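Pasting protein-v9.csv here (CSV, C-alpha atoms and all ligand atoms):
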```
chain,number,residue,atom,x,y,z
D,1,MET,CA,27.6,-6.5,17.8
D,2,LEU,CA,24.7,-5.7,15.6
D,3,SER,CA,21.8,-8.1,15.0
D,4,GLN,CA,21.1,-9.2,11.4
D,5,GLU,CA,18.2,-6.7,11.1
D,6,GLU,CA,20.4,-3.9,12.4
D,7,ILE,CA,23.1,-4.8,9.9
D,8,LYS,CA,20.6,-4.6,7.0
D,9,LYS,CA,19.3,-1.3,8.4
D,10,GLN,CA,22.9,0.1,8.3
D,11,ALA,CA,23.3,-0.8,4.6
D,12,GLY,CA,19.8,0.6,3.7
D,13,VAL,CA,20.3,3.9,5.5
D,14,TYR,CA,23.9,4.3,4.1
D,15,ALA,CA,22.6,3.8,0.6
D,16,ALA,CA,20.0,6.6,0.9
D,17,ASP,CA,22.9,9.1,0.5
D,18,PHE,CA,23.2,8.0,-3.1
D,19,VAL,CA,19.7,9.1,-3.9
D,20,LYS,CA,20.0,12.7,-5.0
D,21,GLN,CA,17.3,15.5,-4.9
D,22,GLY,CA,15.0,15.5,-8.0
D,23,THR,CA,16.1,12.1,-9.3
D,24,THR,CA,14.2,9.0,-10.4
D,25,ILE,CA,15.6,5.7,-9.1
D,26,GLY,CA,14.8,2.0,-9.5
D,27,LEU,CA,14.0,0.4,-6.1
D,28,GLY,CA,14.6,-3.3,-5.4
D,29,THR,CA,12.7,-5.7,-3.1
D,30,GLY,CA,13.4,-7.3,0.2
D,31,SER,CA,14.2,-6.8,3.9
D,32,THR,CA,17.3,-4.7,3.2
D,33,VAL,CA,15.6,-2.5,0.7
D,34,TYR,CA,12.8,-2.1,3.4
D,35,TRP,CA,15.2,0.0,5.4
D,36,LEU,CA,16.2,2.1,2.4
D,37,ILE,CA,12.6,2.9,1.8
D,38,ASP,CA,12.1,3.7,5.5
D,39,GLU,CA,15.0,6.1,5.4
D,40,LEU,CA,13.9,7.7,2.1
D,41,GLY,CA,10.4,8.1,3.5
D,42,GLN,CA,12.0,10.1,6.4
D,43,ARG,CA,14.0,12.2,4.0
D,44,VAL,CA,10.9,12.9,1.8
D,45,LYS,CA,9.2,14.2,4.9
D,46,GLU,CA,12.2,16.6,5.3
D,47,GLY,CA,11.9,17.8,1.7
D,48,LEU,CA,13.6,15.2,-0.5
D,49,GLU,CA,11.8,15.0,-3.9
D,50,ILE,CA,12.3,11.8,-5.7
D,51,VAL,CA,10.4,9.3,-7.9
D,52,ILE,CA,10.9,5.6,-7.7
D,53,VAL,CA,10.3,2.8,-10.1
D,54,PRO,CA,9.4,-0.3,-8.0
D,55,THR,CA,10.5,-3.8,-8.8
D,56,SER,CA,7.6,-5.4,-7.0
D,57,ALA,CA,4.1,-4.8,-5.8
D,58,GLN,CA,5.5,-5.1,-2.2
D,59,THR,CA,8.0,-2.2,-2.9
D,60,ALA,CA,5.3,-0.1,-4.6
D,61,GLN,CA,3.1,-0.5,-1.5
D,62,LEU,CA,5.9,0.3,1.0
D,63,ALA,CA,7.0,3.4,-1.0
D,64,LYS,CA,3.4,4.7,-1.2
D,65,GLN,CA,3.0,4.2,2.5
D,66,ALA,CA,6.1,6.2,3.0
D,67,ASN,CA,4.7,9.0,0.7
D,68,ILE,CA,7.3,8.4,-2.0
D,69,THR,CA,6.1,9.1,-5.5
D,70,VAL,CA,5.9,5.9,-7.5
D,71,SER,CA,6.1,5.6,-11.3
D,72,SER,CA,6.0,2.7,-13.8
D,73,LEU,CA,9.1,2.0,-15.9
D,74,ASP,CA,7.2,2.8,-19.1
D,75,ARG,CA,6.9,6.4,-18.1
D,76,ILE,CA,10.6,6.9,-17.5
D,77,GLU,CA,13.0,8.2,-20.1
D,78,ARG,CA,16.2,7.0,-18.4
D,79,LEU,CA,17.2,5.4,-15.1
D,80,PHE,CA,20.5,6.5,-13.8
D,81,LEU,CA,20.4,4.4,-10.6
D,82,THR,CA,18.8,1.3,-9.1
D,83,ILE,CA,19.4,0.1,-5.6
D,84,ASP,CA,18.5,-3.5,-4.7
D,85,GLY,CA,19.4,-6.4,-2.4
D,86,ALA,CA,20.9,-9.7,-3.3
D,87,ASP,CA,21.1,-13.3,-2.0
D,88,GLU,CA,24.7,-13.9,-3.1
D,89,ILE,CA,27.5,-11.6,-4.4
D,90,ASP,CA,30.7,-13.1,-5.8
D,91,PRO,CA,34.0,-11.2,-5.9
D,92,LYS,CA,33.3,-10.0,-9.4
D,93,GLY,CA,29.9,-8.7,-8.5
D,94,GLN,CA,27.9,-11.5,-10.2
D,95,LEU,CA,24.7,-12.1,-8.2
D,96,ILE,CA,22.1,-14.5,-7.3
D,97,LYS,CA,18.8,-12.7,-6.7
D,98,GLY,CA,15.1,-13.7,-6.4
D,99,GLY,CA,15.0,-15.0,-2.9
D,100,GLY,CA,12.0,-12.7,-2.5
D,101,GLY,CA,10.5,-13.8,-5.8
D,102,ALA,CA,10.8,-10.5,-7.6
D,103,LEU,CA,13.6,-11.3,-9.9
D,104,LEU,CA,11.8,-10.7,-13.2
D,105,GLN,CA,11.0,-7.0,-12.6
D,106,GLU,CA,14.3,-6.6,-10.7
D,107,LYS,CA,16.3,-7.8,-13.7
D,108,ILE,CA,14.4,-5.6,-16.2
D,109,VAL,CA,14.8,-2.5,-14.0
D,110,ALA,CA,18.5,-3.3,-13.4
D,111,SER,CA,19.1,-4.0,-17.1
D,112,VAL,CA,18.0,-0.5,-18.1
D,113,SER,CA,19.7,1.3,-15.2
D,114,ASP,CA,23.1,3.0,-15.7
D,115,GLU,CA,24.1,2.0,-12.2
D,116,LEU,CA,23.1,-0.9,-10.0
D,117,ILE,CA,24.1,-0.6,-6.3
D,118,ILE,CA,23.6,-3.7,-4.2
D,119,ILE,CA,23.0,-3.3,-0.5
D,120,ALA,CA,23.5,-6.3,1.8
D,121,ASP,CA,24.8,-7.7,5.0
D,122,ASN,CA,28.2,-9.4,4.9
D,123,SER,CA,26.7,-12.9,4.9
D,124,LYS,CA,25.8,-12.4,1.2
D,125,LEU,CA,29.4,-12.2,0.1
D,126,VAL,CA,30.6,-15.6,-1.3
D,127,HIS,CA,33.6,-16.9,-3.1
D,128,GLN,CA,31.5,-18.8,-5.6
D,129,LEU,CA,27.8,-18.6,-6.4
D,130,GLY,CA,25.5,-21.5,-5.9
D,131,LYS,CA,25.0,-22.3,-2.2
D,132,PHE,CA,21.8,-20.2,-2.2
D,133,PRO,CA,19.3,-22.1,-4.4
D,134,LEU,CA,19.1,-20.3,-7.7
D,135,PRO,CA,15.5,-19.0,-8.4
D,136,VAL,CA,14.2,-19.5,-11.9
D,137,GLU,CA,10.9,-17.9,-12.9
D,138,VAL,CA,8.8,-20.2,-15.2
D,139,ILE,CA,5.3,-20.0,-16.6
D,140,THR,CA,2.9,-22.3,-14.8
D,141,PHE,CA,2.1,-24.3,-18.0
D,142,GLY,CA,4.3,-27.3,-18.2
D,143,TYR,CA,6.4,-26.4,-15.1
D,144,LYS,CA,7.0,-30.1,-14.3
D,145,GLN,CA,8.6,-30.7,-17.7
D,146,VAL,CA,10.6,-27.5,-17.4
D,147,ARG,CA,11.7,-28.6,-13.9
D,148,GLN,CA,12.9,-31.9,-15.4
D,149,LYS,CA,14.8,-30.2,-18.2
D,150,ILE,CA,16.6,-28.1,-15.7
D,151,VAL,CA,17.6,-31.2,-13.8
D,152,ASP,CA,18.7,-32.8,-17.1
D,153,THR,CA,21.2,-30.0,-17.7
D,154,GLY,CA,23.2,-31.6,-15.0
D,155,PHE,CA,24.0,-28.2,-13.3
D,156,CYS,CA,21.6,-28.6,-10.4
D,157,LYS,CA,21.2,-31.6,-8.1
D,158,GLU,CA,17.7,-30.8,-7.1
D,159,VAL,CA,15.0,-28.4,-8.4
D,160,LYS,CA,12.0,-27.6,-6.2
D,161,LEU,CA,8.8,-25.7,-6.9
D,162,ARG,CA,8.7,-22.9,-4.4
D,163,GLU,CA,5.9,-22.9,-1.9
D,164,LYS,CA,4.8,-20.3,0.6
D,165,ASN,CA,2.5,-21.0,3.5
D,166,GLY,CA,1.7,-24.4,2.2
D,167,GLU,CA,0.7,-23.1,-1.3
D,168,TYR,CA,2.6,-22.7,-4.6
D,169,PHE,CA,4.3,-19.4,-4.6
D,170,ILE,CA,3.0,-17.1,-7.3
D,171,THR,CA,5.0,-14.1,-8.6
D,172,ASP,CA,3.7,-10.6,-9.3
D,173,HIS,CA,3.5,-11.8,-13.0
D,174,ARG,CA,1.5,-14.9,-12.1
D,175,HIS,CA,4.4,-17.3,-12.6
D,176,TYR,CA,6.0,-20.1,-10.5
D,177,ILE,CA,9.6,-20.1,-9.1
D,178,LEU,CA,11.8,-23.2,-9.4
D,179,ASP,CA,14.6,-23.1,-6.8
D,180,CYS,CA,17.6,-24.8,-8.3
D,181,TYR,CA,20.1,-26.4,-5.8
D,182,CYS,CA,23.3,-26.2,-7.8
D,183,GLU,CA,25.8,-26.0,-4.8
D,184,LYS,CA,28.6,-24.5,-7.0
D,185,ILE,CA,28.0,-22.5,-10.1
D,186,ALA,CA,31.4,-22.6,-11.9
D,187,ASP,CA,30.2,-20.7,-15.0
D,188,ALA,CA,27.3,-18.4,-14.3
D,189,PHE,CA,27.2,-17.0,-17.8
D,190,LEU,CA,26.9,-20.5,-19.3
D,191,LEU,CA,24.2,-21.6,-16.8
D,192,ASN,CA,22.2,-18.5,-17.5
D,193,ASP,CA,22.4,-19.1,-21.2
D,194,ILE,CA,21.5,-22.7,-20.9
D,195,LEU,CA,18.5,-22.0,-18.7
D,196,HIS,CA,17.3,-19.4,-21.1
D,197,LEU,CA,17.2,-21.9,-23.9
D,198,ILE,CA,14.5,-24.0,-22.1
D,199,PRO,CA,11.0,-23.0,-23.3
D,200,GLY,CA,8.9,-21.9,-20.3
D,201,VAL,CA,11.8,-20.3,-18.5
D,202,VAL,CA,10.9,-16.6,-18.1
D,203,GLU,CA,14.0,-15.4,-16.3
D,204,THR,CA,16.8,-16.6,-14.0
D,205,GLY,CA,18.1,-15.1,-10.8
D,206,LEU,CA,21.7,-14.8,-12.2
D,207,PHE,CA,22.5,-11.1,-12.6
D,208,ILE,CA,25.6,-11.1,-14.7
D,209,ASP,CA,27.7,-8.0,-15.1
D,210,MET,CA,24.9,-5.8,-13.8
D,211,ALA,CA,26.1,-4.6,-10.4
D,212,THR,CA,28.3,-1.6,-10.4
D,213,LYS,CA,28.8,-1.3,-6.7
D,214,ALA,CA,28.0,-3.2,-3.4
D,215,ILE,CA,27.5,-1.6,-0.1
D,216,ILE,CA,28.2,-4.2,2.6
D,217,ALA,CA,27.4,-3.8,6.2
D,218,TYR,CA,29.1,-5.7,9.0
D,219,GLU,CA,28.2,-6.8,12.5
D,220,ASP,CA,30.7,-4.3,14.1
D,221,GLY,CA,28.9,-1.4,12.3
D,222,LYS,CA,31.6,-1.1,9.5
D,223,ILE,CA,30.4,-0.3,6.0
D,224,GLU,CA,32.4,-1.3,3.0
D,225,GLU,CA,31.9,0.0,-0.6
D,226,ILE,CA,33.0,-2.4,-3.3
D,227,ALA,CA,33.2,-1.1,-6.9
D,228,PHE,CA,32.8,-3.7,-9.7
D,229,ARG,CA,33.1,-1.7,-12.8
F,301,LIG,C1,14.1,-10.4,-4.1
F,301,LIG,C2,15.6,-10.3,-4.0
F,301,LIG,C3,16.2,-9.7,-2.8
F,301,LIG,O1,16.9,-8.6,-3.2
F,301,LIG,C4,17.1,-10.7,-2.2
F,301,LIG,O2,16.3,-11.8,-1.9
F,301,LIG,C5,17.7,-10.2,-0.9
F,301,LIG,O3,16.7,-9.9,0.0
F,301,LIG,P1,17.0,-9.5,1.5
F,301,LIG,O4,17.4,-8.1,1.5
F,301,LIG,O5,15.6,-9.6,2.2
F,301,LIG,O6,18.0,-10.4,2.1
F,301,LIG,O7,16.3,-10.6,-4.9
F,301,LIG,O8,13.6,-11.0,-5.2
```

For this file, produce the structure as structure tokens.
Ligand code: 5RP
Amino acid sequence: MLSQEEIKKQAGVYAADFVKQGTTIGLGTGSTVYWLIDELGQRVKEGLEIVIVPTSAQTAQLAKQANITVSSLDRIERLFLTIDGADEIDPKGQLIKGGGGALLQEKIVASVSDELIIIADNSKLVHQLGKFPLPVEVITFGYKQVRQKIVDTGFCKEVKLREKNGEYFITDHRHYILDCYCEKIADAFLLNDILHLIPGVVETGLFIDMATKAIIAYEDGKIEEIAFR
């Protein structure tokens, strides 16, 4: 049986076949995408020519280290494909993302991409979204009041300001993340809309109707492709 890291690697390496010569792709963030970047770096050494639009400073740095050409979204006419990880994937392909704190750029890049392929280990497949705390990116000003307004919606039992290494976690865009413990999200569309109505909320980790396909890797080495639309 494969370890968790080996499973993630399987998904990342498999997804590299979707990246065609001469294309520009959006590249997500996280420990599964790490393996995709690693594989693409190998293929670039062997002659693959691609440009990537990174969804975080971390991904930009990893891509540069792997000698992959990095561009900003503003310089791109059209994105045909983005590949990214996820924290939860429901049977309809609705997602929770932002465990790595890069949800804002990830969502912008995904929203302008014709196709969004999610790569993940099978632990990310869920019947209903919500066990994984939903990340919500907020501006730092008034975050306590915003936190309370999210609690007051009644959708989430607890809302915690994310910390890392004993300090408040700061996103690439200098915001905070509020992790919302909702347990079960019965209507992801509604929750996303309600959260967006709260002044101070920048973006939510609910990615609705964005994923076109998931590549899921299993402990026994099996890879499954799930098409969503
Ligand atoms: C980062 C994300 C990641 O895609 C998500 O957290 C999954 O990460 P990993 O592949 O490390 O499990 O949304 O903001």

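Using only C-alpha atoms, the nearest neighbour of Leu129 of chain D within the list D:Lys144, D:Lys97, D:Lys20, D:His175 is D:Lys97.
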
Neighbourhood of ligand LIG 301 (chain F) at 7 Å, counting only C-alpha atoms and all ligand atoms, reported as a ChimeraX atom specification: /D:28-33,84-87,97-103,120

Within 12 Å of file point (7.7, -3.7, -4.7), counting only C-alpha atoms, expressed as a ChimeraX atom specification: /D:26-31,33-34,37,52-65,70-72,84,100-106,109,171-172

Go ahead and write the residues just picked, C-alpha atoms, as a PDB file, in the frame of the given file.
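File again_25.pdb, as written:
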```
ATOM      1  CA  GLY D  26      14.800   2.000  -9.500  1.00  0.00           C
ATOM      2  CA  LEU D  27      14.000   0.400  -6.100  1.00  0.00           C
ATOM      3  CA  GLY D  28      14.600  -3.300  -5.400  1.00  0.00           C
ATOM      4  CA  THR D  29      12.700  -5.700  -3.100  1.00  0.00           C
ATOM      5  CA  GLY D  30      13.400  -7.300   0.200  1.00  0.00           C
ATOM      6  CA  SER D  31      14.200  -6.800   3.900  1.00  0.00           C
ATOM      7  CA  VAL D  33      15.600  -2.500   0.700  1.00  0.00           C
ATOM      8  CA  TYR D  34      12.800  -2.100   3.400  1.00  0.00           C
ATOM      9  CA  ILE D  37      12.600   2.900   1.800  1.00  0.00           C
ATOM     10  CA  ILE D  52      10.900   5.600  -7.700  1.00  0.00           C
ATOM     11  CA  VAL D  53      10.300   2.800 -10.100  1.00  0.00           C
ATOM     12  CA  PRO D  54       9.400  -0.300  -8.000  1.00  0.00           C
ATOM     13  CA  THR D  55      10.500  -3.800  -8.800  1.00  0.00           C
ATOM     14  CA  SER D  56       7.600  -5.400  -7.000  1.00  0.00           C
ATOM     15  CA  ALA D  57       4.100  -4.800  -5.800  1.00  0.00           C
ATOM     16  CA  GLN D  58       5.500  -5.100  -2.200  1.00  0.00           C
ATOM     17  CA  THR D  59       8.000  -2.200  -2.900  1.00  0.00           C
ATOM     18  CA  ALA D  60       5.300  -0.100  -4.600  1.00  0.00           C
ATOM     19  CA  GLN D  61       3.100  -0.500  -1.500  1.00  0.00           C
ATOM     20  CA  LEU D  62       5.900   0.300   1.000  1.00  0.00           C
ATOM     21  CA  ALA D  63       7.000   3.400  -1.000  1.00  0.00           C
ATOM     22  CA  LYS D  64       3.400   4.700  -1.200  1.00  0.00           C
ATOM     23  CA  GLN D  65       3.000   4.200   2.500  1.00  0.00           C
ATOM     24  CA  VAL D  70       5.900   5.900  -7.500  1.00  0.00           C
ATOM     25  CA  SER D  71       6.100   5.600 -11.300  1.00  0.00           C
ATOM     26  CA  SER D  72       6.000   2.700 -13.800  1.00  0.00           C
ATOM     27  CA  ASP D  84      18.500  -3.500  -4.700  1.00  0.00           C
ATOM     28  CA  GLY D 100      12.000 -12.700  -2.500  1.00  0.00           C
ATOM     29  CA  GLY D 101      10.500 -13.800  -5.800  1.00  0.00           C
ATOM     30  CA  ALA D 102      10.800 -10.500  -7.600  1.00  0.00           C
ATOM     31  CA  LEU D 103      13.600 -11.300  -9.900  1.00  0.00           C
ATOM     32  CA  LEU D 104      11.800 -10.700 -13.200  1.00  0.00           C
ATOM     33  CA  GLN D 105      11.000  -7.000 -12.600  1.00  0.00           C
ATOM     34  CA  GLU D 106      14.300  -6.600 -10.700  1.00  0.00           C
ATOM     35  CA  VAL D 109      14.800  -2.500 -14.000  1.00  0.00           C
ATOM     36  CA  THR D 171       5.000 -14.100  -8.600  1.00  0.00           C
ATOM     37  CA  ASP D 172       3.700 -10.600  -9.300  1.00  0.00           C
TER      38      ASP D 172
END
```

D:Leu195, D:Val19, D:Leu206, D:Met1 ranked by distance to Ile117 of chain D, top pick (using only C-alpha atoms):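 Checking each of D:Leu195, D:Val19, D:Leu206, D:Met1 against Ile117 of chain D, counting only C-alpha atoms, the winner is D:Val19.
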
d(atom CA of Thr153 of chain D, atom CA of Ala110 of chain D) in Å: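 Between atom CA of Thr153 of chain D and atom CA of Ala110 of chain D the gap works out to 27.2 Å.
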
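Comparing the minimum interatomic distances between Tyr176 of chain D and each of D:Gly205, D:Gly47, D:Pro135, D:Gly154, counting all atoms listed in the file, we find that D:Pro135 sits nearest.
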
Nearest residue to Ala214 of chain D from the set D:Leu36, D:Leu95, D:Ile185, D:Ile198 (distances using all atoms listed in the file):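 Smallest separation from Ala214 of chain D among the options: D:Leu95.
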
Top pick for closest residue to Lys149 of chain D, considering D:Leu134, D:Val201, D:Ile68, D:Val112 and counting all atoms listed in the file: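 For Lys149 of chain D, the nearest of the candidates is D:Val201.
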
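Taking all atoms listed in the file into account, the protein, DNA and RNA residues within 10 Å of (9.4, 15.8, -10.1) read D:Gln21, D:Gly22, D:Thr23, D:Thr24, D:Glu49, D:Ile50, D:Val51, D:Thr69.
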
Keeping C-alpha atoms for every residue in the selection just given, could you write it to a file as an mmCIF file, in the frame of the given file?
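Printed below is part14.cif as written:
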```cif
data_model
loop_
_atom_site.group_PDB
_atom_site.id
_atom_site.type_symbol
_atom_site.label_atom_id
_atom_site.label_comp_id
_atom_site.auth_asym_id
_atom_site.auth_seq_id
_atom_site.Cartn_x
_atom_site.Cartn_y
_atom_site.Cartn_z
ATOM 1 C CA GLN D 21 17.300 15.500 -4.900
ATOM 2 C CA GLY D 22 15.000 15.500 -8.000
ATOM 3 C CA THR D 23 16.100 12.100 -9.300
ATOM 4 C CA THR D 24 14.200 9.000 -10.400
ATOM 5 C CA GLU D 49 11.800 15.000 -3.900
ATOM 6 C CA ILE D 50 12.300 11.800 -5.700
ATOM 7 C CA VAL D 51 10.400 9.300 -7.900
ATOM 8 C CA THR D 69 6.100 9.100 -5.500
#
```

Asn122 of chain D environment, 9 Å, all atoms listed in the file, sequence neighbours closer than 2 positions dropped, as a ChimeraX atom specification: /D:7,120,124-125,216-219

Coordinates-based distance that separates atom CA of Lys164 of chain D from atom CA of Glu39 of chain D (Å, one decimal):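 So the answer is 28.7 Å.
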
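Between atom CA of Arg78 of chain D and atom CA of Lys107 of chain D the separation is 15.5 Å.
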
Residues within 8 Å of Ile177 of chain D, all atoms listed in the file, excluding chain neighbours under 5 positions, as a ChimeraX atom specification: /D:101,135-138,161-162,169-171

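For Gln145 of chain D, the residues within 12 Å (counting only C-alpha atoms, excluding itself and residues fewer than 2 positions away along the chain) are Val138, Ile139, Thr140, Phe141, Gly142, Tyr143, Arg147, Gln148, Lys149, Ile150, Val151, Asp152, Val159, Leu161, Leu178, Ile198, Pro199, Gly200 and Val201 of chain D.
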
Nearest candidate to Ile96 of chain D (options D:Val13, D:Ala66, D:Ala211, D:Leu81; using all atoms listed in the file):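 So, comparing all the options, the nearest one is D:Ala211.
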
Quick one: everything within 12 Å of Ala227 of chain D, counting all atoms listed in the file, minus sequence neighbours fewer than 6 positions away in the same chain. Send it as a PDB file with C-alpha atoms, in the coordinates of the input.
```pdb
ATOM      1  CA  PRO D  91      34.000 -11.200  -5.900  1.00  0.00           C
ATOM      2  CA  LYS D  92      33.300 -10.000  -9.400  1.00  0.00           C
ATOM      3  CA  GLY D  93      29.900  -8.700  -8.500  1.00  0.00           C
ATOM      4  CA  GLU D 115      24.100   2.000 -12.200  1.00  0.00           C
ATOM      5  CA  LEU D 116      23.100  -0.900 -10.000  1.00  0.00           C
ATOM      6  CA  ILE D 117      24.100  -0.600  -6.300  1.00  0.00           C
ATOM      7  CA  ILE D 118      23.600  -3.700  -4.200  1.00  0.00           C
ATOM      8  CA  MET D 210      24.900  -5.800 -13.800  1.00  0.00           C
ATOM      9  CA  ALA D 211      26.100  -4.600 -10.400  1.00  0.00           C
ATOM     10  CA  THR D 212      28.300  -1.600 -10.400  1.00  0.00           C
ATOM     11  CA  LYS D 213      28.800  -1.300  -6.700  1.00  0.00           C
ATOM     12  CA  ALA D 214      28.000  -3.200  -3.400  1.00  0.00           C
ATOM     13  CA  ILE D 215      27.500  -1.600  -0.100  1.00  0.00           C
ATOM     14  CA  ILE D 216      28.200  -4.200   2.600  1.00  0.00           C
TER      15      ILE D 216
END
```

Would you mind putting back N, CA and C atoms on segment 47-71 of chain D, then writing it out as a CSV table (one decimal), in the coordinates of the input?
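Output file out-v4.csv is given in full below:
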```csv
chain,number,residue,atom,x,y,z
D,47,GLY,N,11.8,17.0,2.9
D,47,GLY,CA,11.9,17.8,1.7
D,47,GLY,C,12.6,17.2,0.5
D,48,LEU,N,13.1,15.9,0.6
D,48,LEU,CA,13.6,15.2,-0.5
D,48,LEU,C,12.5,14.9,-1.6
D,49,GLU,N,12.8,15.3,-2.8
D,49,GLU,CA,11.8,15.0,-3.9
D,49,GLU,C,12.4,14.0,-4.8
D,50,ILE,N,11.8,12.8,-4.9
D,50,ILE,CA,12.3,11.8,-5.7
D,50,ILE,C,11.1,11.0,-6.3
D,51,VAL,N,11.3,10.2,-7.4
D,51,VAL,CA,10.4,9.3,-7.9
D,51,VAL,C,11.0,8.0,-7.9
D,52,ILE,N,10.3,6.9,-7.6
D,52,ILE,CA,10.9,5.6,-7.7
D,52,ILE,C,10.1,4.7,-8.6
D,53,VAL,N,10.9,3.8,-9.3
D,53,VAL,CA,10.3,2.8,-10.1
D,53,VAL,C,10.4,1.5,-9.3
D,54,PRO,N,9.3,0.9,-8.8
D,54,PRO,CA,9.4,-0.3,-8.0
D,54,PRO,C,9.7,-1.5,-8.7
D,55,THR,N,10.3,-2.5,-8.1
D,55,THR,CA,10.5,-3.8,-8.8
D,55,THR,C,9.5,-4.9,-8.3
D,56,SER,N,8.6,-4.5,-7.5
D,56,SER,CA,7.6,-5.4,-7.0
D,56,SER,C,6.4,-4.7,-6.5
D,57,ALA,N,5.3,-5.4,-6.4
D,57,ALA,CA,4.1,-4.8,-5.8
D,57,ALA,C,4.4,-4.5,-4.3
D,58,GLN,N,5.2,-5.3,-3.7
D,58,GLN,CA,5.5,-5.1,-2.2
D,58,GLN,C,6.3,-3.7,-2.1
D,59,THR,N,7.2,-3.5,-3.0
D,59,THR,CA,8.0,-2.2,-2.9
D,59,THR,C,7.1,-1.0,-3.2
D,60,ALA,N,6.3,-1.2,-4.2
D,60,ALA,CA,5.3,-0.1,-4.6
D,60,ALA,C,4.5,0.3,-3.4
D,61,GLN,N,4.0,-0.7,-2.7
D,61,GLN,CA,3.1,-0.5,-1.5
D,61,GLN,C,3.9,0.2,-0.4
D,62,LEU,N,5.1,-0.3,-0.1
D,62,LEU,CA,5.9,0.3,1.0
D,62,LEU,C,6.3,1.7,0.6
D,63,ALA,N,6.6,2.0,-0.6
D,63,ALA,CA,7.0,3.4,-1.0
D,63,ALA,C,5.7,4.3,-0.9
D,64,LYS,N,4.6,3.8,-1.3
D,64,LYS,CA,3.4,4.7,-1.2
D,64,LYS,C,3.1,5.0,0.2
D,65,GLN,N,3.2,4.0,1.1
D,65,GLN,CA,3.0,4.2,2.5
D,65,GLN,C,3.9,5.2,3.1
D,66,ALA,N,5.1,5.3,2.5
D,66,ALA,CA,6.1,6.2,3.0
D,66,ALA,C,6.0,7.6,2.2
D,67,ASN,N,4.9,7.8,1.5
D,67,ASN,CA,4.7,9.0,0.7
D,67,ASN,C,5.8,9.3,-0.3
D,68,ILE,N,6.4,8.3,-0.9
D,68,ILE,CA,7.3,8.4,-2.0
D,68,ILE,C,6.6,8.3,-3.3
D,69,THR,N,6.8,9.2,-4.3
D,69,THR,CA,6.1,9.1,-5.5
D,69,THR,C,6.6,7.9,-6.3
D,70,VAL,N,5.6,7.1,-6.8
D,70,VAL,CA,5.9,5.9,-7.5
D,70,VAL,C,5.5,6.0,-9.0
D,71,SER,N,6.4,5.6,-9.9
D,71,SER,CA,6.1,5.6,-11.3
D,71,SER,C,6.3,4.2,-11.9
```
